[in-house]
Amino acid sequence: LLIIFLGLAVNTVQPRENLTWIEKGLRIAASPFQYGFKGINDSVSGFFSYFTEKEALQQENDALKKEVNQLHSQLTQMDEINMENIRLKELLNYKDATQGEYNLQLAEIIAENNNNLQHTITLNKGSNDGVVTGMTVMNHSGLIGRISAVMPESSEVMLLPDRESAVGARVWSTREVIGVVEGDGTDSSSLQMVHLPHDADIYVGDDIVTSGLDNVFPGGIHIGEVTAIEYSPNGLTKTAYLKPYVTFSRLEEVFILMNGGGGASN
């Protein structure tokens, strides 16, 4: 019966103006089968279309993700270039402003070694550029350290927070309180000014600069701001803790003071 009805359904779908009552009856009887096959065909087509469209959407999604990543990378590069331009502009402005006072050579940091035992950086300037051991390293924010080793094409800088580093210092406003600023080798965001008499005229918020009396660093270079003062157990001396003006963890370019250190304070 199914085969007969299917055959009749095919034969009766052709367009004709006059149909017999038998043909009309057969078309009515075949209609459910035609609708059933149409539904099956639509379902099968929809099933395969789902996977085809899903694959196309996945490819489009992957392409959009790739484009977003590329745009993000370009924005990051633009931000880095903009930040570098700002840093270099600040450094060059400082160099121009101190041209009559300092002979500064710009250098780039190519390596760093910051751990509990040592705080050093390596610069891309060496003896071929006139760099010698003991030269002061600084930037527009303040003192960074001194050249501790020199190679023909590079040099190593001992940073101020290093446990082996120390610099003669004084209070900028009064220029009377004399002490030594040093690092404890554990934290690059904190320095301490030691060997201060218990009655030394120093307070939280004071600006500390190099004294120039150690014949290593020239005087007047900014070091940091006093954040706390602590008296020794015997009460005879006290220690001032400083927040350095230089952010040692973010150094990228620095100045080498080519006309040496030492001498009278500014």
# chains A, B, ... in the order shown; residues from 1 in each chain; ligands from 1

call {"tool": "select_by_dssp", "arguments": {"residues": "stretch 37-257 of chain A", "states": "strand (DSSP E)", "output": "PyMOL selection string"}}
result
chain A and resi 104-114+119-123+136-138+143-150+155-159+166-171+178-182+191-197+207-210+222-231+237-244+253-257

call {"tool": "atom_distance", "arguments": {"atom1": "atom CA of A:Glu112", "atom2": "atom CA of A:Gly224"}}
result
21.8 Å

call {"tool": "closest_residue", "arguments": {"among": "A:Asp206, A:Glu55, A:Asp129, A:Asp62", "to": "A:Gln105", "atoms": "only C-alpha atoms"}}
result
A:Asp129

call {"tool": "residues_around", "arguments": {"residues": "stretch 164-172 of chain A", "least_positions_apart": "4", "cutoff": "9 Å", "atoms": "only C-alpha atoms", "output": "ChimeraX atom specification"}}
result
/A:118,145-146,158-160,176-185,193,201-202,206-217,219-220,222-223

call {"tool": "residues_around", "arguments": {"residues": "A:Thr227", "least_positions_apart": "6", "cutoff": "10 Å", "atoms": "only C-alpha atoms", "output": "PyMOL selection string"}}
result
chain A and resi 190-192+203-206+240-244

call {"tool": "atom_distance", "arguments": {"atom1": "atom CA of A:Thr237", "atom2": "atom CA of A:Ser141"}}
result
29.4 Å

call {"tool": "select_by_dssp", "arguments": {"residues": "stretch 25-262 of chain A", "states": "alpha helix (DSSP H)", "output": "MDAnalysis selection string"}}
result
chainID A and resid 25:97

call {"tool": "atom_distance", "arguments": {"atom1": "atom CA of A:Glu101", "atom2": "atom CA of A:Asn139"}}
result
14.1 Å

call {"tool": "closest_residue", "arguments": {"among": "A:Gln70, A:Gln59, A:Thr247, A:Thr174", "to": "A:Ser189", "atoms": "only C-alpha atoms"}}
result
A:Thr247

call {"tool": "closest_residue", "arguments": {"among": "A:Gly100, A:Pro218, A:Pro233, A:Pro197", "to": "A:Leu257", "atoms": "only C-alpha atoms"}}
result
A:Pro218

call {"tool": "decode", "arguments": {"residues": "stretch 153-169 of chain A", "atoms": "N, CA, C and O atoms", "output": "PDB file, in the first residue's frame"}}
result
ATOM      1  N   GLU A 153      82.477  47.155  26.475  1.00  0.00           N
ATOM      2  CA  GLU A 153      81.194  47.540  25.894  1.00  0.00           C
ATOM      3  C   GLU A 153      80.068  47.659  26.923  1.00  0.00           C
ATOM      4  O   GLU A 153      78.931  47.965  26.565  1.00  0.00           O
ATOM      5  N   SER A 154      80.371  47.435  28.183  1.00  0.00           N
ATOM      6  CA  SER A 154      79.330  47.483  29.207  1.00  0.00           C
ATOM      7  C   SER A 154      79.948  47.799  30.564  1.00  0.00           C
ATOM      8  O   SER A 154      81.175  47.803  30.723  1.00  0.00           O
ATOM      9  N   SER A 155      79.080  48.066  31.526  1.00  0.00           N
ATOM     10  CA  SER A 155      79.549  48.348  32.891  1.00  0.00           C
ATOM     11  C   SER A 155      78.483  47.913  33.880  1.00  0.00           C
ATOM     12  O   SER A 155      77.298  47.851  33.558  1.00  0.00           O
ATOM     13  N   GLU A 156      78.931  47.599  35.087  1.00  0.00           N
ATOM     14  CA  GLU A 156      78.024  47.156  36.137  1.00  0.00           C
ATOM     15  C   GLU A 156      77.860  48.251  37.174  1.00  0.00           C
ATOM     16  O   GLU A 156      78.825  48.921  37.544  1.00  0.00           O
ATOM     17  N   VAL A 157      76.632  48.416  37.632  1.00  0.00           N
ATOM     18  CA  VAL A 157      76.312  49.457  38.610  1.00  0.00           C
ATOM     19  C   VAL A 157      75.861  48.814  39.910  1.00  0.00           C
ATOM     20  O   VAL A 157      74.954  47.975  39.915  1.00  0.00           O
ATOM     21  N   MET A 158      76.495  49.203  41.017  1.00  0.00           N
ATOM     22  CA  MET A 158      76.021  48.797  42.332  1.00  0.00           C
ATOM     23  C   MET A 158      74.938  49.794  42.755  1.00  0.00           C
ATOM     24  O   MET A 158      75.193  50.973  42.920  1.00  0.00           O
ATOM     25  N   LEU A 159      73.707  49.298  42.903  1.00  0.00           N
ATOM     26  CA  LEU A 159      72.592  50.163  43.244  1.00  0.00           C
ATOM     27  C   LEU A 159      72.649  50.579  44.707  1.00  0.00           C
ATOM     28  O   LEU A 159      73.229  49.885  45.550  1.00  0.00           O
ATOM     29  N   LEU A 160      72.028  51.713  44.984  1.00  0.00           N
ATOM     30  CA  LEU A 160      72.038  52.253  46.338  1.00  0.00           C
ATOM     31  C   LEU A 160      71.467  51.298  47.382  1.00  0.00           C
ATOM     32  O   LEU A 160      71.976  51.248  48.514  1.00  0.00           O
ATOM     33  N   PRO A 161      70.427  50.486  47.068  1.00  0.00           N
ATOM     34  CA  PRO A 161      69.907  49.563  48.082  1.00  0.00           C
ATOM     35  C   PRO A 161      70.819  48.373  48.382  1.00  0.00           C
ATOM     36  O   PRO A 161      70.524  47.610  49.320  1.00  0.00           O
ATOM     37  N   ASP A 162      71.906  48.187  47.619  1.00  0.00           N
ATOM     38  CA  ASP A 162      72.796  47.063  47.875  1.00  0.00           C
ATOM     39  C   ASP A 162      73.419  47.177  49.268  1.00  0.00           C
ATOM     40  O   ASP A 162      73.741  48.281  49.734  1.00  0.00           O
ATOM     41  N   ARG A 163      73.610  46.039  49.917  1.00  0.00           N
ATOM     42  CA  ARG A 163      74.143  46.043  51.288  1.00  0.00           C
ATOM     43  C   ARG A 163      75.574  46.580  51.350  1.00  0.00           C
ATOM     44  O   ARG A 163      76.033  47.007  52.398  1.00  0.00           O
ATOM     45  N   GLU A 164      76.295  46.573  50.219  1.00  0.00           N
ATOM     46  CA  GLU A 164      77.659  47.079  50.188  1.00  0.00           C
ATOM     47  C   GLU A 164      77.731  48.559  49.822  1.00  0.00           C
ATOM     48  O   GLU A 164      78.803  49.154  49.799  1.00  0.00           O
ATOM     49  N   SER A 165      76.591  49.152  49.539  1.00  0.00           N
ATOM     50  CA  SER A 165      76.561  50.541  49.086  1.00  0.00           C
ATOM     51  C   SER A 165      76.307  51.484  50.266  1.00  0.00           C
ATOM     52  O   SER A 165      75.575  51.161  51.204  1.00  0.00           O
ATOM     53  N   ALA A 166      76.911  52.666  50.198  1.00  0.00           N
ATOM     54  CA  ALA A 166      76.711  53.695  51.224  1.00  0.00           C
ATOM     55  C   ALA A 166      77.069  55.042  50.623  1.00  0.00           C
ATOM     56  O   ALA A 166      77.941  55.142  49.756  1.00  0.00           O
ATOM     57  N   VAL A 167      76.392  56.096  51.074  1.00  0.00           N
ATOM     58  CA  VAL A 167      76.633  57.431  50.546  1.00  0.00           C
ATOM     59  C   VAL A 167      76.469  58.460  51.666  1.00  0.00           C
ATOM     60  O   VAL A 167      75.549  58.374  52.473  1.00  0.00           O
ATOM     61  N   GLY A 168      77.404  59.404  51.715  1.00  0.00           N
ATOM     62  CA  GLY A 168      77.277  60.494  52.667  1.00  0.00           C
ATOM     63  C   GLY A 168      76.087  61.364  52.310  1.00  0.00           C
ATOM     64  O   GLY A 168      75.871  61.701  51.151  1.00  0.00           O
ATOM     65  N   ALA A 169      75.286  61.723  53.303  1.00  0.00           N
ATOM     66  CA  ALA A 169      74.046  62.443  53.045  1.00  0.00           C
ATOM     67  C   ALA A 169      73.790  63.506  54.107  1.00  0.00           C
ATOM     68  O   ALA A 169      74.400  63.501  55.175  1.00  0.00           O
TER      69      ALA A 169
END
